[in-house]
Structure formats: structure tokens, C-alpha cells
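The block underneath contains the structure these notes are about, expressed in C-alpha cells.
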Amino acid sequence: MAVTVRIPTPLQRLTNGQAEVQCDGSTVSDLLLDLEKRYPGIKERICDEQGKLRRFVNIFVNEEDIRFMQGDQTAVKSGDEVSIIPAIAGG
Amino acid sequence: MSFSKEQIQRYSRQLLLPEIGVKGQEKLQQSSVLIVGAGGLGCPAALYLAAAGVGKLGIIDREAVALSNLHRQILYGIEDVGRLKSDAAKQRLSRLNPDVEVAAIHGSLQAETVLDFVRGYDLVLDGSDNVATRYLVNDACVLAEVPLVYGGVVGFRGQVMVIRPRQSACFRCVFPEPPAAGEIPSCQEAGVLGAAAGLIGSLMAHEALKALLGIGEGLANRLLVFEGLASRWRDVPVRRDPACAVCGDAPTIRQPVAIEHPVCVEVQQEGAWPRSR
């Protein structure tokens, strides 16, 4: 059993077109490392050089914003769903 | 207020709705909405708001109609190419519904005047196409306490959220700081499906009408995300951030401030996502 990570459309070309992938880890930070291992190049699209979440991207664990929990140290467990949601400015 | 025979016919299908009726129709007629940007989102939104009988619409846009707009900007036809969008929009909307007073403004919102501008309206609908305007409109609406319907679209996907100033999450609560130039793509850079823009723009109008009428449940504290290729909607709960720079408990933004942000940046080869620097 693993955590389901929902990938936004623009990043799906890094996950072979998959909208949902399975990753392992006990925190969001671990999960992102595992995601990077499986799909090289994806983490830098989500985090900056310091490893901080990019300003226009939010991560939700089971629909709760991690900024209101423990940030990238937010705990995740098997069966959780994690969504990566970027801002959209186009119109 | 009484309605003419023609008006009763025109609005009959929404007058029939118990949530609207004559009282609701009067409310709409007395309401005003500022539409920021008459593009892929502003066009369908303006059509539905005008058709529904919203009394006054302000439409602000800085551009002229281009041929590349026509696949999604459904207010315009081939004869409008080269005309100011604000003028063409006004003409089209007046033809659709002469009951509606349309104020067409050619230009863009400025930090110095945006507060006075939004204060003149009951609700603002942001269909702009750039990051700088997004934050300016959000901050102005929070400071002036004018409800705001935010919507964005790019590619096949979009987002909608309703902002009830100081009561629900604002755009800055969810996305605290503007991305650096080029970090997120515009429609001009990444492309957009016209029908996806139509969907998001129509939903924005739908939420605006509900907010003006005071009916139903709105999209306050909810970011509705449309993933169009998968045809999936996601309803993500968001909340007001006590540390928000504009609507938080100790705000640092007390006046609207212009953000330096290029409206257009060069097309990146990979298009729709930042590259490492």
C-alpha cells in the first residue's frame, strides 16, 4: 500500500502521462523524494533550489493544505491522497 | 419596480425559478458587476450576466481584438478584428440586452485608482490574463470589501473560487506570493482550448449571479479545479490564512500595490511549467 499522488496536467509528461501515481514515504518531504526517484526532474518543478515549495504551488493531503498542517513535514500514511495544485493566471 | 411585457418574456425562464422570481430579477437589475478582462473568461461571463439582466456591467480591457482571439472570445466576430475589445464588447452586449447599462473602459487597472474603481460595483469578476492583475484585483477587492469571483484557465484546465473579503480565503491566502516572471504560463504561451475557457467563464458568471441573488452555496473557501483532459472536477477546501499579507490578522498590504510582472514572457520550449534555473 502506498500514498496516491495526483499530478497536475503540465507535470504529467514527467510521469508518462499518468494523472495519479503511487509513492512511499511517511512525510510529504519523503514523498517528494520518492516521487523524484521514480520520475526524475519532477521535484524541481514543485520545489525551489532550497527545497521550499514554489510560491504558486500548493500541496493538499486529503484535501487539506499542508501550509496549515506541518508543511513538508506533514505526516502521510498508506491510503492518503496527495494533490499538487498550481495557480492558474490565464484568462 | 415593474417589468415591461417584453422584460417578463425575456426573463420568463429564470423568473420561473423559485430561487429567483420577480424579487430576484429586481435584485439583478439593481446590481453591478465589474468584469476585468474581456478575453476567454470575460466574454462568456459577460454574455451570461448581460443576458440574465444584471443592471450595470463595467468591462475593462486594454487590448484590441485579434484573429487569434476568436477561437475562444465569443463576444467578437471577424468584423471586430482590430477594434478595441471594450468597444466591441459593449456593442455586442447592448445588442443582446438593451436593459443593461454597459460601461466600456479601455485600459488596465492601476494601483492608484483600483480601489475607487472596484468600490463602484457590487461584485468583481476577474477574467484577466496576467499575474500582476490577479494580485492587484484580489488586494483591491479585499481592501474595498467587494466580493470577487476568481477564475483562471490554461490549456485544458481551470480553477474557480469565490472570495468573500475577510470572511473566506482570498487568492493570496491560497497562493501567498506571485510567481516570478515566467514561472507560470499564460494562454498566449501555453495555449488554451476555447471550450475550457467557456466552461470556466460560464461557471464564474453562475457564481456571480448566485452571489448577487444571495442564493445557494457559493465557492467561498473552495477552490474548484477542472482537469479537462481527464474530465474531472475537484473541490478543494481552502481557508483564510491568519498570516495572509492582505486579509490576515496583521496585514502588511494596506493599499493596492502594483507588482512588477511582465504580461508576456518568451515562450519556453517546455511551455507549461517552470524550468530549473
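The chains in the C-alpha cells are called A, B, ... from first to last as shown; in each chain the residues are counted from 1, and the ligands are counted from 1 in the order shown.
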- Among chain A, which ones does DSSP place in strand (DSSP E or B), written as a list in words? Val3, Thr4, Val5, Arg6, Glu20, Val21, Gln22, Cys23, Thr27, Cys47, Leu53, Val57, Asn58, Ile59, Phe60, Val61, Glu64, Asp65, Ala75, Glu81, Val82, Ser83, Ile84, Ile85 and Pro86 of chain A
For the residues in the current selection, export N, CA and C atoms as a compact mmCIF listing (two decimals), in the first residue's frame.
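What landed in again.txt:
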```txt
# COMPACT_ATOMS: atom_id res chain seq x y z
N VAL A 3 0.89 5.84 -0.93
CA VAL A 3 0.14 7.10 -0.98
C VAL A 3 -0.12 7.44 -2.45
N THR A 4 -1.35 7.88 -2.74
CA THR A 4 -1.69 8.28 -4.10
C THR A 4 -1.35 9.75 -4.29
N VAL A 5 -0.57 10.06 -5.30
CA VAL A 5 -0.22 11.46 -5.58
C VAL A 5 -0.87 11.86 -6.90
N ARG A 6 -1.68 12.92 -6.85
CA ARG A 6 -2.34 13.42 -8.06
C ARG A 6 -1.45 14.47 -8.73
N GLU A 20 -2.31 9.99 -11.80
CA GLU A 20 -2.16 9.57 -10.41
C GLU A 20 -1.02 8.57 -10.35
N VAL A 21 -0.14 8.75 -9.37
CA VAL A 21 0.94 7.78 -9.20
C VAL A 21 0.98 7.36 -7.73
N GLN A 22 1.63 6.24 -7.46
CA GLN A 22 1.77 5.74 -6.09
C GLN A 22 3.19 6.01 -5.61
N CYS A 23 3.30 6.55 -4.40
CA CYS A 23 4.63 6.81 -3.84
C CYS A 23 4.66 6.36 -2.38
N THR A 27 6.34 11.32 5.35
CA THR A 27 6.00 12.74 5.35
C THR A 27 5.92 13.22 3.89
N CYS A 47 9.39 22.30 -6.13
CA CYS A 47 10.16 22.97 -5.07
C CYS A 47 11.29 23.79 -5.69
N LEU A 53 8.63 24.72 -1.13
CA LEU A 53 7.55 24.66 -2.09
C LEU A 53 7.49 25.95 -2.91
N VAL A 57 2.51 27.03 -6.02
CA VAL A 57 2.08 25.63 -5.97
C VAL A 57 1.60 25.32 -4.56
N ASN A 58 0.51 24.60 -4.45
CA ASN A 58 0.06 24.13 -3.16
C ASN A 58 -0.03 22.62 -3.15
N ILE A 59 0.24 22.04 -1.99
CA ILE A 59 0.08 20.59 -1.83
C ILE A 59 -1.01 20.35 -0.78
N PHE A 60 -1.92 19.50 -1.14
CA PHE A 60 -3.02 19.17 -0.24
C PHE A 60 -2.93 17.68 0.11
N VAL A 61 -3.02 17.38 1.41
CA VAL A 61 -3.09 15.98 1.85
C VAL A 61 -4.53 15.72 2.24
N GLU A 64 -6.49 18.81 2.50
CA GLU A 64 -6.11 19.83 3.48
C GLU A 64 -4.76 20.42 3.09
N ASP A 65 -4.69 21.75 3.04
CA ASP A 65 -3.49 22.47 2.65
C ASP A 65 -2.36 22.19 3.66
N ALA A 75 2.62 14.55 8.11
CA ALA A 75 2.65 13.08 8.03
C ALA A 75 1.67 12.57 6.97
N GLU A 81 -4.37 10.58 0.07
CA GLU A 81 -4.31 11.14 -1.27
C GLU A 81 -3.67 12.53 -1.20
N VAL A 82 -2.68 12.72 -2.02
CA VAL A 82 -1.94 13.99 -2.03
C VAL A 82 -2.15 14.64 -3.40
N SER A 83 -2.57 15.93 -3.38
CA SER A 83 -2.77 16.65 -4.65
C SER A 83 -1.78 17.79 -4.77
N ILE A 84 -1.24 17.95 -5.94
CA ILE A 84 -0.34 19.08 -6.23
C ILE A 84 -1.14 20.04 -7.11
N ILE A 85 -1.35 21.27 -6.62
CA ILE A 85 -2.22 22.20 -7.36
C ILE A 85 -1.52 23.54 -7.60
N PRO A 86 -1.20 23.83 -8.84
CA PRO A 86 -0.58 25.12 -9.16
C PRO A 86 -1.64 26.20 -9.42
```
Against chain B, which residues of chain A fall within 6 Å? For each one I want the closest pair of atoms and the distance in Å (one decimal), counting only C-alpha atoms, rows by chain and increasing residue number, as CSV.
```
residue,atom,partner,partner_atom,distance
A:Pro10,CA,B:Ala272,CA,5.6
A:Arg55,CA,B:Glu177,CA,5.8
A:Phe56,CA,B:Phe175,CA,5.5
A:Glu63,CA,B:Val236,CA,5.6
A:Ile88,CA,B:Gly152,CA,5.1
A:Ala89,CA,B:Gly152,CA,5.3
A:Gly90,CA,B:Asp129,CA,4.4
A:Gly91,CA,B:Asp129,CA,4.4
```
- Query: Rounded to one decimal in Å, what is the spacing between CA of Ser86 in chain B and CA of Pro256 in chain B?
  - Reply: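 Rounded to one decimal, the two atoms are 23.9 Å apart.
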- Message: Env of Ser12 in chain B: 10 Å cut, atoms = only C-alpha atoms, seq-sep filter 5 positions within chain, self excluded. Answer as a list of chain:residue names.
- Response: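 Residues meeting the cut-off are B:Glu6, B:Gln7, B:Leu17, B:Gly21, B:Val22.
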- Item | Interatomic distance, CA of Ala258 in chain B to CA of Glu112 in chain B (Å, one decimal) |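 Separation between CA of Ala258 in chain B and CA of Glu112 in chain B: 8.7 Å.
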- Task: Please provide as an MDAnalysis selection string all residues within 10 Å of Val76 in chain A, with the sequence filter that same-chain residues fewer than 3 positions apart are discarded (counting only C-alpha atoms).
- Result: chainID A and resid 2:3 24:31 61:62 73 79:82
Residues as selected, C-alpha atoms, written as a CSV table (one decimal), in the first residue's frame, can you do that?
```
chain,number,residue,atom,x,y,z
A,2,ALA,CA,1.2,3.5,-0.8
A,3,VAL,CA,0.1,7.1,-1.0
A,24,ASP,CA,6.0,5.8,-0.5
A,25,GLY,CA,7.0,8.0,2.5
A,26,SER,CA,6.0,9.0,6.0
A,27,THR,CA,6.0,12.7,5.3
A,28,VAL,CA,5.3,15.0,2.4
A,29,SER,CA,9.0,15.7,2.2
A,30,ASP,CA,9.8,11.9,1.9
A,31,LEU,CA,7.1,11.5,-0.6
A,61,VAL,CA,-3.1,16.0,1.8
A,62,ASN,CA,-6.6,14.5,1.8
A,73,GLN,CA,6.8,17.6,7.5
A,79,GLY,CA,-4.1,5.2,1.5
A,80,ASP,CA,-3.8,9.0,1.8
A,81,GLU,CA,-4.3,11.1,-1.3
A,82,VAL,CA,-1.9,14.0,-2.0
```
Using the chain letters and numbers from this document, which residues of range 113-234 of chain B does DSSP assign to alpha helix (DSSP H), as a PDB file with C-alpha atoms, in the first residue's frame?
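Generated output (result12.pdb):
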```
ATOM      1  CA  VAL B 114      -8.225  50.459  -8.461  1.00  0.00           C
ATOM      2  CA  LEU B 115      -9.902  50.940  -5.068  1.00  0.00           C
ATOM      3  CA  ASP B 116     -12.249  53.667  -6.284  1.00  0.00           C
ATOM      4  CA  PHE B 117     -12.898  51.578  -9.314  1.00  0.00           C
ATOM      5  CA  VAL B 118     -13.982  48.390  -7.574  1.00  0.00           C
ATOM      6  CA  ARG B 119     -15.944  50.320  -4.922  1.00  0.00           C
ATOM      7  CA  VAL B 131      -0.326  37.559 -12.640  1.00  0.00           C
ATOM      8  CA  ALA B 132       0.072  41.268 -11.835  1.00  0.00           C
ATOM      9  CA  THR B 133      -3.619  41.984 -12.378  1.00  0.00           C
ATOM     10  CA  ARG B 134      -4.681  38.891 -10.417  1.00  0.00           C
ATOM     11  CA  TYR B 135      -2.955  40.110  -7.266  1.00  0.00           C
ATOM     12  CA  LEU B 136      -3.955  43.733  -7.776  1.00  0.00           C
ATOM     13  CA  VAL B 137      -7.638  42.829  -8.180  1.00  0.00           C
ATOM     14  CA  ASN B 138      -7.552  40.451  -5.209  1.00  0.00           C
ATOM     15  CA  ASP B 139      -5.936  43.015  -2.927  1.00  0.00           C
ATOM     16  CA  ALA B 140      -8.262  45.806  -4.056  1.00  0.00           C
ATOM     17  CA  CYS B 141     -11.370  43.679  -3.526  1.00  0.00           C
ATOM     18  CA  VAL B 142     -10.231  42.631  -0.058  1.00  0.00           C
ATOM     19  CA  LEU B 143      -9.384  46.219   0.936  1.00  0.00           C
ATOM     20  CA  ALA B 144     -12.610  47.619  -0.512  1.00  0.00           C
ATOM     21  CA  PHE B 171      -6.336  34.477  -3.687  1.00  0.00           C
ATOM     22  CA  ARG B 172      -3.321  35.427  -1.574  1.00  0.00           C
ATOM     23  CA  CYS B 173      -4.375  33.052   1.232  1.00  0.00           C
ATOM     24  CA  VAL B 174      -4.138  30.192  -1.253  1.00  0.00           C
ATOM     25  CA  CYS B 187      -2.726  31.262 -22.565  1.00  0.00           C
ATOM     26  CA  GLN B 188      -0.607  33.098 -25.073  1.00  0.00           C
ATOM     27  CA  GLU B 189       2.360  30.927 -24.177  1.00  0.00           C
ATOM     28  CA  ALA B 190       0.789  27.599 -23.347  1.00  0.00           C
ATOM     29  CA  GLY B 194     -11.823  27.667 -26.210  1.00  0.00           C
ATOM     30  CA  ALA B 195     -14.459  25.405 -24.727  1.00  0.00           C
ATOM     31  CA  ALA B 196     -12.448  25.060 -21.494  1.00  0.00           C
ATOM     32  CA  ALA B 197     -12.352  28.863 -21.202  1.00  0.00           C
ATOM     33  CA  GLY B 198     -16.102  28.882 -21.900  1.00  0.00           C
ATOM     34  CA  LEU B 199     -16.722  26.394 -19.123  1.00  0.00           C
ATOM     35  CA  ILE B 200     -14.727  28.335 -16.550  1.00  0.00           C
ATOM     36  CA  GLY B 201     -16.109  31.732 -17.658  1.00  0.00           C
ATOM     37  CA  SER B 202     -19.673  30.416 -17.514  1.00  0.00           C
ATOM     38  CA  LEU B 203     -19.091  28.989 -14.056  1.00  0.00           C
ATOM     39  CA  MET B 204     -17.762  32.378 -12.950  1.00  0.00           C
ATOM     40  CA  ALA B 205     -20.941  34.049 -14.208  1.00  0.00           C
ATOM     41  CA  HIS B 206     -23.022  31.377 -12.484  1.00  0.00           C
ATOM     42  CA  GLU B 207     -21.278  32.034  -9.166  1.00  0.00           C
ATOM     43  CA  ALA B 208     -21.561  35.801  -9.645  1.00  0.00           C
ATOM     44  CA  LEU B 209     -25.324  35.555 -10.224  1.00  0.00           C
ATOM     45  CA  LYS B 210     -25.783  33.376  -7.146  1.00  0.00           C
ATOM     46  CA  ALA B 211     -23.753  35.810  -5.065  1.00  0.00           C
ATOM     47  CA  LEU B 212     -25.788  38.806  -6.303  1.00  0.00           C
ATOM     48  CA  LEU B 213     -29.036  36.959  -5.616  1.00  0.00           C
TER      49      LEU B 213
END
```
- Atomic distance CA of Gly71 in chain A - CA of Val246 in chain B, expressed in Å with one decimal: 21.2 Å
- Message: Could you check the closest approach to Leu35 in chain A for each of A:Ala87, A:Leu14, A:Arg67, A:Asp72 and tell me which residue wins, using only C-alpha atoms?
- Response: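 Using only C-alpha atoms, Leu35 in chain A sits closest to A:Leu14.
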- Nearest-residue call for Ile163 in chain B, choices B:Ser32, B:Gln9, B:Asn221, B:Ser94, using only C-alpha atoms: B:Asn221
- Message: Under the rule that only C-alpha atoms are counted, which of A:Leu32, A:Met69, A:Asn16, A:Ser78 is the nearest residue to Gly51 in chain A?
- Response: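 Checking each of A:Leu32, A:Met69, A:Asn16, A:Ser78 against Gly51 in chain A, counting only C-alpha atoms, the winner is A:Leu32.
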